[in-house]
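This report refers to the structure that appears directly beneath it.
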Amino acid sequence: IGFYTGGGIFKVLTKVADEPSKVRRALIAGSVLALYCAMYSVGQPVKQAFNDRCSSFWGPGDSLVWVQIMKNVGYYIMNLSMSLTYVVFIAAAVPVHLKYLAKICFSSLIMSPLGGIPCLLDFSSQALAIRAVLSPAISPAVEMLWVFTVPFLFELVSGAIVTAILPVVIKGCISLVGSIKARVRSARKQLA
């Protein structure tokens with residue numbers, strides 16, 4: 001959120017998340033989702049123009065290709081804008097409070113590279129599998145729902161598990177260290 005001038009955006013997100021009217025929140029979520037979909041469909045040429053390989057920045061005679069730099073900057077701006085709309089969508093559509101989401105999201109990020117989890121979070125191949133099974137009429141909507149729902153559920157479940165287990169592990173480690181220190185002290189007293 002710091003990329004979006006943190007304080008101002010966080011006030012807006014908090015206002016959206018604390019909105020008491022469910023209709024208003026649904027309207028915000030729907031309009032932001034429509035904006036996200038529009039950005040996704042209109043932004044495909046920007047995404048395809050992105051190229052960050054070293055060779056793409058140098059033209060004939062080792063001249064710098066400024067156009068490619070501008071294309072990449074355009075892609076980064078679009079990417080940040082889309083991630084902001086996703087954050088606003090989550091704040092509006094999810095009935096869980098932002099403090100709880102903030103508490104568990106870091107834990108779920110820690111969990112994401114472990115074990116078989118990268119396969120669970122491989123949305124591009126999952127979207128292609130959905131596209132292969134469903135008809136083209138409903139496939140885009142189902143893909144969008146899948147790509148929004150799975151990471152959010154992963155964040156809620158894995159973050160909640162880590163957040164619940166972590167205090168137990170820490171308390172156990174603290175008591176173990178305390179008992180080891182007590183035994184060391186008693187052994188020192190017996191030797192003295």
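Within each chain, counting starts at residue 1; across the structure tokens, chains are named A, B, ... in the order shown, with ligands numbered 1 upward in that order.
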Who sits within 9 Å of A:Val142, only C-alpha atoms, same chain under 4 positions skipped, as a PyMOL selection string: chain A and resi 127+130-131+134+138+146-147
Could you list, with a cut-off of 9 Å and counting only C-alpha atoms, the residues of stretch 86-154 of chain A near stretch 15-22 of chain A, each shown with its nearest atom pair and the distance in Å rounded to one decimal, rows sorted by chain and ascending number, as a tab-separated table?
```
residue	atom	partner	partner_atom	distance
A:Val88	CA	A:Val16	CA	7.8
A:Ile90	CA	A:Ala17	CA	8.7
A:Ala91	CA	A:Ala17	CA	5.0
A:Ala92	CA	A:Ala17	CA	5.6
A:Ala93	CA	A:Ala17	CA	8.3
A:Val94	CA	A:Ala17	CA	8.0
A:Pro95	CA	A:Ala17	CA	7.8
A:Val96	CA	A:Ala17	CA	8.5
A:His97	CA	A:Ala17	CA	6.9
A:Leu98	CA	A:Ala17	CA	7.0
```
Which of A:Glu143, A:Glu155, A:Asp62, A:Asp52 sits closest to A:Met111 [using only C-alpha atoms]: A:Glu155
Determine, using only C-alpha atoms, which residues of stretch 103-147 of chain A have any atom at most 12 Å from an atom of stretch 29-51 of chain A, and tabulate each with its shortest atom pair and distance in Å to one decimal place, rows ordered by chain and then rising number, as JSON lines.
```
{"residue": "A:Pro140", "atom": "CA", "partner": "A:Cys37", "partner_atom": "CA", "distance": 10.0}
{"residue": "A:Ala141", "atom": "CA", "partner": "A:Cys37", "partner_atom": "CA", "distance": 9.8}
{"residue": "A:Glu143", "atom": "CA", "partner": "A:Cys37", "partner_atom": "CA", "distance": 11.6}
{"residue": "A:Met144", "atom": "CA", "partner": "A:Cys37", "partner_atom": "CA", "distance": 8.6}
{"residue": "A:Leu145", "atom": "CA", "partner": "A:Leu33", "partner_atom": "CA", "distance": 10.5}
```
Which of stretch 31-159 of chain A fall in helix (DSSP H, G or I), as a PyMOL selection string: chain A and resi 31-42+44-49+54-57+60-62+66-93+98-111+117-120+123-133+139-159
Pick from A:Leu121, A:Met70, A:Leu27, A:Ala187 nearest to A:Phe152, counting only C-alpha atoms: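 Among the listed residues, the smallest separation from A:Phe152 belongs to A:Leu121.
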Given only C-alpha atoms as the counted atoms, nearest of A:Ile170, A:Ile104, A:Ile110, A:Ala192 to A:Leu153: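 Comparing A:Ile170, A:Ile104, A:Ile110, A:Ala192 against A:Leu153, the winner is A:Ile104.
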Pairwise distance for atom CA of A:Tyr86 and atom CA of A:Leu166, rounded to one decimal in Å: 28.3 Å
10 Å contact set for A:Phe154, only C-alpha atoms, chain neighbours under 3 positions out, as an MDAnalysis selection string: chainID A and resid 105 108:109 111:112 117 120:121 149:151 157:160
Keeping N, CA and C atoms, export the residues of the selection given above as a compact mmCIF listing (two decimals), in the first residue's frame.
```txt
# COMPACT_ATOMS: atom_id res chain seq x y z
N CYS A 105 -2.13 -12.16 6.32
CA CYS A 105 -1.59 -12.17 4.96
C CYS A 105 -0.09 -12.42 4.94
N SER A 108 0.52 -16.12 5.35
CA SER A 108 0.23 -16.89 4.14
C SER A 108 1.30 -16.68 3.08
N LEU A 109 1.90 -15.50 3.03
CA LEU A 109 3.00 -15.28 2.10
C LEU A 109 4.21 -16.13 2.46
N MET A 111 3.98 -19.03 3.82
CA MET A 111 3.61 -20.41 3.47
C MET A 111 3.66 -20.68 1.96
N SER A 112 3.51 -19.68 1.13
CA SER A 112 3.32 -19.90 -0.31
C SER A 112 4.45 -20.66 -1.01
N ILE A 117 2.67 -26.31 -2.34
CA ILE A 117 1.83 -25.12 -2.43
C ILE A 117 2.01 -24.38 -3.76
N LEU A 120 -0.54 -25.43 -6.08
CA LEU A 120 -1.85 -24.92 -5.71
C LEU A 120 -2.04 -23.49 -6.19
N LEU A 121 -0.95 -22.74 -6.23
CA LEU A 121 -1.02 -21.33 -6.60
C LEU A 121 -0.61 -21.06 -8.05
N THR A 149 -10.84 -16.19 -6.20
CA THR A 149 -11.26 -16.94 -5.02
C THR A 149 -10.14 -17.78 -4.42
N VAL A 150 -9.40 -18.50 -5.24
CA VAL A 150 -8.39 -19.42 -4.71
C VAL A 150 -7.32 -18.69 -3.89
N PRO A 151 -6.72 -17.59 -4.38
CA PRO A 151 -5.72 -16.94 -3.54
C PRO A 151 -6.30 -16.38 -2.25
N VAL A 157 -7.05 -19.44 4.84
CA VAL A 157 -6.81 -20.72 5.50
C VAL A 157 -5.38 -20.85 5.97
N SER A 158 -4.40 -20.67 5.06
CA SER A 158 -3.01 -20.86 5.47
C SER A 158 -2.57 -19.81 6.48
N GLY A 159 -3.00 -18.57 6.28
CA GLY A 159 -2.66 -17.52 7.24
C GLY A 159 -3.26 -17.78 8.61
N ALA A 160 -4.50 -18.26 8.64
CA ALA A 160 -5.14 -18.58 9.92
C ALA A 160 -4.44 -19.75 10.61
```
